Amino acid sequence: MAKLKIIKLNKIKNFLNKFPRTLAEHSFLTFFGLFIISLALGTLIFFQCSVLIEAPAQKTGEEKSFQLEARAYQNIKDEWNRREEIFSQTEEKKCPNPFLY
């Protein structure tokens, strides 16, 4: 019968307790390792994004749904003209300059 390895929790606990101290003692190697990992992840993300940009876009229903209806456009234009007329009819109020003196 094959012997099963028994995981000893004390060994894992001791390793996890000593790990931050080991990283701090070898700070240059830790920095260098983290720098390499971040460089690899950054390169991977960059290439994935560049592939997504270069991929031909598939036509979806968005282009079809964005067509402007002439009646709706005319309603909006009429509303803008009405508001412009109301705005132009207001009187300009002359206020004295408080910063003159």
# chains A, B, ... in the order shown; residues from 1 in each chain; ligands from 1
$ select_by_dssp --residues "chain A" --states "alpha helix (DSSP H)" --output "mmCIF file with N, CA, C and O atoms, in the first residue's frame"
data_model
loop_
_atom_site.group_PDB
_atom_site.id
_atom_site.type_symbol
_atom_site.label_atom_id
_atom_site.label_comp_id
_atom_site.auth_asym_id
_atom_site.auth_seq_id
_atom_site.Cartn_x
_atom_site.Cartn_y
_atom_site.Cartn_z
ATOM 1 N N LEU A 9 0.807 20.857 9.474
ATOM 2 C CA LEU A 9 0.424 22.257 9.537
ATOM 3 C C LEU A 9 1.482 23.114 10.216
ATOM 4 O O LEU A 9 1.615 24.295 9.921
ATOM 5 N N ASN A 10 2.259 22.520 11.113
ATOM 6 C CA ASN A 10 3.295 23.287 11.803
ATOM 7 C C ASN A 10 4.380 23.733 10.828
ATOM 8 O O ASN A 10 4.899 24.842 10.942
ATOM 9 N N LYS A 11 4.726 22.883 9.866
ATOM 10 C CA LYS A 11 5.736 23.256 8.880
ATOM 11 C C LYS A 11 5.234 24.406 8.004
ATOM 12 O O LYS A 11 5.978 25.337 7.691
ATOM 13 N N ILE A 12 3.966 24.340 7.608
ATOM 14 C CA ILE A 12 3.388 25.409 6.783
ATOM 15 C C ILE A 12 3.328 26.699 7.590
ATOM 16 O O ILE A 12 3.660 27.781 7.089
ATOM 17 N N LYS A 13 2.940 26.603 8.842
ATOM 18 C CA LYS A 13 2.848 27.777 9.701
ATOM 19 C C LYS A 13 4.222 28.403 9.893
ATOM 20 O O LYS A 13 4.377 29.627 9.822
ATOM 21 N N ASN A 14 5.242 27.591 10.112
ATOM 22 C CA ASN A 14 6.603 28.106 10.280
ATOM 23 C C ASN A 14 7.099 28.769 8.997
ATOM 24 O O ASN A 14 7.754 29.810 9.038
ATOM 25 N N PHE A 15 6.791 28.160 7.866
ATOM 26 C CA PHE A 15 7.210 28.739 6.582
ATOM 27 C C PHE A 15 6.551 30.093 6.364
ATOM 28 O O PHE A 15 7.202 31.059 5.957
ATOM 29 N N LEU A 16 5.239 30.167 6.623
ATOM 30 C CA LEU A 16 4.532 31.428 6.428
ATOM 31 C C LEU A 16 4.989 32.502 7.419
ATOM 32 O O LEU A 16 4.932 33.690 7.113
ATOM 33 N N ASN A 17 5.432 32.118 8.585
ATOM 34 C CA ASN A 17 5.964 33.084 9.542
ATOM 35 C C ASN A 17 7.341 33.591 9.121
ATOM 36 O O ASN A 17 7.675 34.754 9.361
ATOM 37 N N LYS A 18 8.154 32.737 8.522
ATOM 38 C CA LYS A 18 9.512 33.116 8.118
ATOM 39 C C LYS A 18 9.559 33.780 6.743
ATOM 40 O O LYS A 18 10.530 34.456 6.419
ATOM 41 N N PHE A 19 8.536 33.610 5.936
ATOM 42 C CA PHE A 19 8.546 34.094 4.561
ATOM 43 C C PHE A 19 8.699 35.617 4.449
ATOM 44 O O PHE A 19 9.549 36.090 3.693
ATOM 45 N N PRO A 20 7.930 36.431 5.189
ATOM 46 C CA PRO A 20 8.126 37.885 5.072
ATOM 47 C C PRO A 20 9.524 38.339 5.483
ATOM 48 O O PRO A 20 10.095 39.238 4.879
ATOM 49 N N ARG A 21 10.087 37.700 6.489
ATOM 50 C CA ARG A 21 11.443 38.066 6.927
ATOM 51 C C ARG A 21 12.464 37.715 5.851
ATOM 52 O O ARG A 21 13.391 38.487 5.578
ATOM 53 N N THR A 22 12.294 36.571 5.214
ATOM 54 C CA THR A 22 13.196 36.170 4.138
ATOM 55 C C THR A 22 13.104 37.151 2.975
ATOM 56 O O THR A 22 14.124 37.530 2.394
ATOM 57 N N LEU A 23 11.878 37.563 2.631
ATOM 58 C CA LEU A 23 11.712 38.539 1.556
ATOM 59 C C LEU A 23 12.376 39.865 1.922
ATOM 60 O O LEU A 23 12.985 40.521 1.074
ATOM 61 N N ALA A 24 12.256 40.289 3.171
ATOM 62 C CA ALA A 24 12.855 41.550 3.599
ATOM 63 C C ALA A 24 14.381 41.469 3.606
ATOM 64 O O ALA A 24 15.054 42.448 3.287
ATOM 65 N N GLU A 25 14.934 40.327 3.962
ATOM 66 C CA GLU A 25 16.391 40.177 3.976
ATOM 67 C C GLU A 25 16.971 40.209 2.564
ATOM 68 O O GLU A 25 18.089 40.663 2.367
ATOM 69 N N SER A 27 15.824 41.964 -0.193
ATOM 70 C CA SER A 27 14.919 42.947 -0.777
ATOM 71 C C SER A 27 15.201 43.204 -2.252
ATOM 72 O O SER A 27 14.277 43.418 -3.039
ATOM 73 N N PHE A 28 16.480 43.204 -2.667
ATOM 74 C CA PHE A 28 16.768 43.449 -4.078
ATOM 75 C C PHE A 28 16.215 42.327 -4.946
ATOM 76 O O PHE A 28 15.599 42.584 -5.988
ATOM 77 N N LEU A 29 16.422 41.090 -4.538
ATOM 78 C CA LEU A 29 15.899 39.970 -5.310
ATOM 79 C C LEU A 29 14.371 39.965 -5.313
ATOM 80 O O LEU A 29 13.745 39.629 -6.323
ATOM 81 N N THR A 30 13.772 40.360 -4.197
ATOM 82 C CA THR A 30 12.316 40.452 -4.125
ATOM 83 C C THR A 30 11.807 41.516 -5.091
ATOM 84 O O THR A 30 10.857 41.286 -5.841
ATOM 85 N N PHE A 31 12.457 42.687 -5.075
ATOM 86 C CA PHE A 31 12.074 43.747 -5.989
ATOM 87 C C PHE A 31 12.242 43.294 -7.437
ATOM 88 O O PHE A 31 11.357 43.509 -8.276
ATOM 89 N N PHE A 32 13.339 42.671 -7.736
ATOM 90 C CA PHE A 32 13.610 42.213 -9.095
ATOM 91 C C PHE A 32 12.581 41.171 -9.539
ATOM 92 O O PHE A 32 12.068 41.213 -10.653
ATOM 93 N N GLY A 33 12.236 40.238 -8.660
ATOM 94 C CA GLY A 33 11.228 39.228 -8.991
ATOM 95 C C GLY A 33 9.856 39.843 -9.225
ATOM 96 O O GLY A 33 9.161 39.504 -10.194
ATOM 97 N N LEU A 34 9.443 40.763 -8.361
ATOM 98 C CA LEU A 34 8.153 41.424 -8.542
ATOM 99 C C LEU A 34 8.139 42.288 -9.796
ATOM 100 O O LEU A 34 7.124 42.388 -10.487
ATOM 101 N N PHE A 35 9.295 42.901 -10.102
ATOM 102 C CA PHE A 35 9.395 43.707 -11.316
ATOM 103 C C PHE A 35 9.230 42.841 -12.562
ATOM 104 O O PHE A 35 8.515 43.210 -13.498
ATOM 105 N N ILE A 36 9.849 41.689 -12.579
ATOM 106 C CA ILE A 36 9.731 40.769 -13.724
ATOM 107 C C ILE A 36 8.289 40.293 -13.865
ATOM 108 O O ILE A 36 7.745 40.228 -14.976
ATOM 109 N N ILE A 37 7.644 39.972 -12.749
ATOM 110 C CA ILE A 37 6.249 39.517 -12.801
ATOM 111 C C ILE A 37 5.346 40.617 -13.334
ATOM 112 O O ILE A 37 4.491 40.382 -14.197
ATOM 113 N N SER A 38 5.520 41.853 -12.855
ATOM 114 C CA SER A 38 4.679 42.956 -13.337
ATOM 115 C C SER A 38 4.957 43.262 -14.796
ATOM 116 O O SER A 38 4.046 43.607 -15.555
ATOM 117 N N LEU A 39 6.214 43.133 -15.217
ATOM 118 C CA LEU A 39 6.556 43.348 -16.628
ATOM 119 C C LEU A 39 5.883 42.295 -17.512
ATOM 120 O O LEU A 39 5.332 42.623 -18.566
ATOM 121 N N ALA A 40 5.886 41.052 -17.065
ATOM 122 C CA ALA A 40 5.248 39.984 -17.837
ATOM 123 C C ALA A 40 3.735 40.191 -17.908
ATOM 124 O O ALA A 40 3.133 40.050 -18.983
ATOM 125 N N LEU A 41 3.112 40.544 -16.788
ATOM 126 C CA LEU A 41 1.664 40.780 -16.794
ATOM 127 C C LEU A 41 1.306 41.991 -17.648
ATOM 128 O O LEU A 41 0.310 41.975 -18.378
ATOM 129 N N GLY A 42 2.098 43.048 -17.582
ATOM 130 C CA GLY A 42 1.851 44.229 -18.400
ATOM 131 C C GLY A 42 1.966 43.927 -19.877
ATOM 132 O O GLY A 42 1.151 44.392 -20.689
ATOM 133 N N THR A 43 2.960 43.128 -20.249
ATOM 134 C CA THR A 43 3.123 42.740 -21.645
ATOM 135 C C THR A 43 1.953 41.902 -22.113
ATOM 136 O O THR A 43 1.425 42.108 -23.212
ATOM 137 N N LEU A 44 1.530 40.974 -21.287
ATOM 138 C CA LEU A 44 0.398 40.128 -21.635
ATOM 139 C C LEU A 44 -0.868 40.955 -21.839
ATOM 140 O O LEU A 44 -1.587 40.787 -22.836
ATOM 141 N N ILE A 45 -1.141 41.877 -20.933
ATOM 142 C CA ILE A 45 -2.331 42.725 -21.056
ATOM 143 C C ILE A 45 -2.231 43.611 -22.281
ATOM 144 O O ILE A 45 -3.211 43.812 -23.005
ATOM 145 N N PHE A 46 -1.035 44.161 -22.550
ATOM 146 C CA PHE A 46 -0.853 45.015 -23.723
ATOM 147 C C PHE A 46 -1.153 44.265 -25.006
ATOM 148 O O PHE A 46 -1.855 44.763 -25.885
ATOM 149 N N PHE A 47 -0.618 43.057 -25.138
ATOM 150 C CA PHE A 47 -0.847 42.303 -26.367
ATOM 151 C C PHE A 47 -2.302 41.866 -26.507
ATOM 152 O O PHE A 47 -2.834 41.833 -27.611
ATOM 153 N N GLN A 48 -2.952 41.540 -25.408
ATOM 154 C CA GLN A 48 -4.364 41.189 -25.500
ATOM 155 C C GLN A 48 -5.192 42.383 -25.940
ATOM 156 O O GLN A 48 -6.094 42.248 -26.763
ATOM 157 N N CYS A 49 -4.880 43.557 -25.418
ATOM 158 C CA CYS A 49 -5.623 44.761 -25.820
ATOM 159 C C CYS A 49 -5.337 45.125 -27.266
ATOM 160 O O CYS A 49 -6.230 45.546 -27.994
ATOM 161 N N SER A 50 -4.092 44.967 -27.719
ATOM 162 C CA SER A 50 -3.773 45.309 -29.101
ATOM 163 C C SER A 50 -4.447 44.335 -30.065
ATOM 164 O O SER A 50 -4.865 44.735 -31.153
ATOM 165 N N VAL A 51 -4.593 43.084 -29.677
ATOM 166 C CA VAL A 51 -5.304 42.122 -30.519
ATOM 167 C C VAL A 51 -6.780 42.489 -30.589
ATOM 168 O O VAL A 51 -7.409 42.400 -31.646
ATOM 169 N N LEU A 52 -7.353 42.938 -29.476
ATOM 170 C CA LEU A 52 -8.757 43.328 -29.472
ATOM 171 C C LEU A 52 -8.987 44.545 -30.355
ATOM 172 O O LEU A 52 -10.016 44.655 -31.018
ATOM 173 N N ILE A 53 -8.031 45.475 -30.370
ATOM 174 C CA ILE A 53 -8.189 46.673 -31.186
ATOM 175 C C ILE A 53 -8.062 46.332 -32.665
ATOM 176 O O ILE A 53 -8.817 46.838 -33.498
ATOM 177 N N GLU A 54 -7.128 45.468 -33.013
ATOM 178 C CA GLU A 54 -6.892 45.139 -34.414
ATOM 179 C C GLU A 54 -7.924 44.172 -34.985
ATOM 180 O O GLU A 54 -8.047 44.045 -36.183
ATOM 181 N N GLU A 62 -26.460 47.791 -33.250
ATOM 182 C CA GLU A 62 -26.353 49.144 -32.726
ATOM 183 C C GLU A 62 -26.380 50.187 -33.831
ATOM 184 O O GLU A 62 -26.939 51.254 -33.669
ATOM 185 N N GLU A 63 -25.730 49.900 -34.963
ATOM 186 C CA GLU A 63 -25.723 50.868 -36.060
ATOM 187 C C GLU A 63 -27.125 51.072 -36.613
ATOM 188 O O GLU A 63 -27.498 52.164 -36.987
ATOM 189 N N LYS A 64 -27.880 50.019 -36.642
ATOM 190 C CA LYS A 64 -29.239 50.110 -37.178
ATOM 191 C C LYS A 64 -30.154 50.857 -36.217
ATOM 192 O O LYS A 64 -31.023 51.604 -36.639
ATOM 193 N N SER A 65 -29.954 50.683 -34.921
ATOM 194 C CA SER A 65 -30.853 51.295 -33.953
ATOM 195 C C SER A 65 -30.543 52.766 -33.730
ATOM 196 O O SER A 65 -31.325 53.469 -33.121
ATOM 197 N N ALA A 70 -36.695 61.381 -38.839
ATOM 198 C CA ALA A 70 -36.880 62.768 -39.264
ATOM 199 C C ALA A 70 -37.893 63.482 -38.382
ATOM 200 O O ALA A 70 -37.711 64.657 -38.040
ATOM 201 N N ARG A 71 -38.937 62.799 -37.980
ATOM 202 C CA ARG A 71 -39.979 63.423 -37.166
ATOM 203 C C ARG A 71 -39.428 63.790 -35.780
ATOM 204 O O ARG A 71 -39.678 64.892 -35.273
ATOM 205 N N ALA A 72 -38.665 62.904 -35.178
ATOM 206 C CA ALA A 72 -38.095 63.184 -33.864
ATOM 207 C C ALA A 72 -37.087 64.322 -33.956
ATOM 208 O O ALA A 72 -37.047 65.206 -33.089
ATOM 209 N N TYR A 73 -36.283 64.333 -35.006
ATOM 210 C CA TYR A 73 -35.311 65.407 -35.205
ATOM 211 C C TYR A 73 -36.028 66.750 -35.367
ATOM 212 O O TYR A 73 -35.593 67.763 -34.817
ATOM 213 N N GLN A 74 -37.105 66.772 -36.099
ATOM 214 C CA GLN A 74 -37.859 68.009 -36.318
ATOM 215 C C GLN A 74 -38.465 68.508 -35.011
ATOM 216 O O GLN A 74 -38.463 69.710 -34.743
ATOM 217 N N ASN A 75 -38.962 67.597 -34.175
ATOM 218 C CA ASN A 75 -39.513 67.987 -32.871
ATOM 219 C C ASN A 75 -38.445 68.619 -31.981
ATOM 220 O O ASN A 75 -38.697 69.626 -31.321
ATOM 221 N N ILE A 76 -37.280 68.038 -31.981
ATOM 222 C CA ILE A 76 -36.181 68.578 -31.178
ATOM 223 C C ILE A 76 -35.777 69.954 -31.698
ATOM 224 O O ILE A 76 -35.564 70.899 -30.934
ATOM 225 N N LYS A 77 -35.683 70.086 -33.005
ATOM 226 C CA LYS A 77 -35.298 71.361 -33.613
ATOM 227 C C LYS A 77 -36.334 72.440 -33.311
ATOM 228 O O LYS A 77 -35.978 73.585 -32.996
ATOM 229 N N ASP A 78 -37.620 72.096 -33.374
ATOM 230 C CA ASP A 78 -38.680 73.054 -33.048
ATOM 231 C C ASP A 78 -38.592 73.499 -31.590
ATOM 232 O O ASP A 78 -38.772 74.687 -31.280
ATOM 233 N N GLU A 79 -38.316 72.567 -30.697
ATOM 234 C CA GLU A 79 -38.194 72.898 -29.275
ATOM 235 C C GLU A 79 -37.012 73.839 -29.043
ATOM 236 O O GLU A 79 -37.106 74.799 -28.276
ATOM 237 N N TRP A 80 -35.888 73.588 -29.693
ATOM 238 C CA TRP A 80 -34.734 74.472 -29.569
ATOM 239 C C TRP A 80 -35.071 75.872 -30.081
ATOM 240 O O TRP A 80 -34.686 76.866 -29.469
ATOM 241 N N ASN A 81 -35.742 75.956 -31.201
ATOM 242 C CA ASN A 81 -36.116 77.259 -31.752
ATOM 243 C C ASN A 81 -37.059 77.999 -30.807
ATOM 244 O O ASN A 81 -36.928 79.216 -30.615
ATOM 245 N N ARG A 82 -38.010 77.285 -30.208
ATOM 246 C CA ARG A 82 -38.948 77.903 -29.273
ATOM 247 C C ARG A 82 -38.203 78.439 -28.057
ATOM 248 O O ARG A 82 -38.442 79.570 -27.617
ATOM 249 N N ARG A 83 -37.291 77.695 -27.527
ATOM 250 C CA ARG A 83 -36.525 78.134 -26.360
ATOM 251 C C ARG A 83 -35.615 79.315 -26.715
ATOM 252 O O ARG A 83 -35.409 80.207 -25.894
ATOM 253 N N GLU A 84 -35.055 79.311 -27.912
ATOM 254 C CA GLU A 84 -34.209 80.417 -28.353
ATOM 255 C C GLU A 84 -35.018 81.706 -28.467
ATOM 256 O O GLU A 84 -34.538 82.785 -28.089
ATOM 257 N N GLU A 85 -36.244 81.617 -28.949
ATOM 258 C CA GLU A 85 -37.112 82.793 -29.039
ATOM 259 C C GLU A 85 -37.436 83.332 -27.649
ATOM 260 O O GLU A 85 -37.410 84.547 -27.422
ATOM 261 N N ILE A 86 -37.751 82.451 -26.716
ATOM 262 C CA ILE A 86 -38.062 82.881 -25.344
ATOM 263 C C ILE A 86 -36.833 83.544 -24.718
ATOM 264 O O ILE A 86 -36.933 84.580 -24.057
ATOM 265 N N PHE A 87 -35.681 82.977 -24.950
ATOM 266 C CA PHE A 87 -34.447 83.517 -24.386
ATOM 267 C C PHE A 87 -34.122 84.882 -24.987
ATOM 268 O O PHE A 87 -33.655 85.779 -24.290
ATOM 269 N N SER A 88 -34.355 85.053 -26.264
ATOM 270 C CA SER A 88 -34.037 86.324 -26.913
ATOM 271 C C SER A 88 -35.013 87.430 -26.514
ATOM 272 O O SER A 88 -34.697 88.611 -26.655
ATOM 273 N N GLN A 89 -36.191 87.090 -26.030
ATOM 274 C CA GLN A 89 -37.180 88.092 -25.644
ATOM 275 C C GLN A 89 -36.946 88.653 -24.244
ATOM 276 O O GLN A 89 -37.561 89.642 -23.869
#
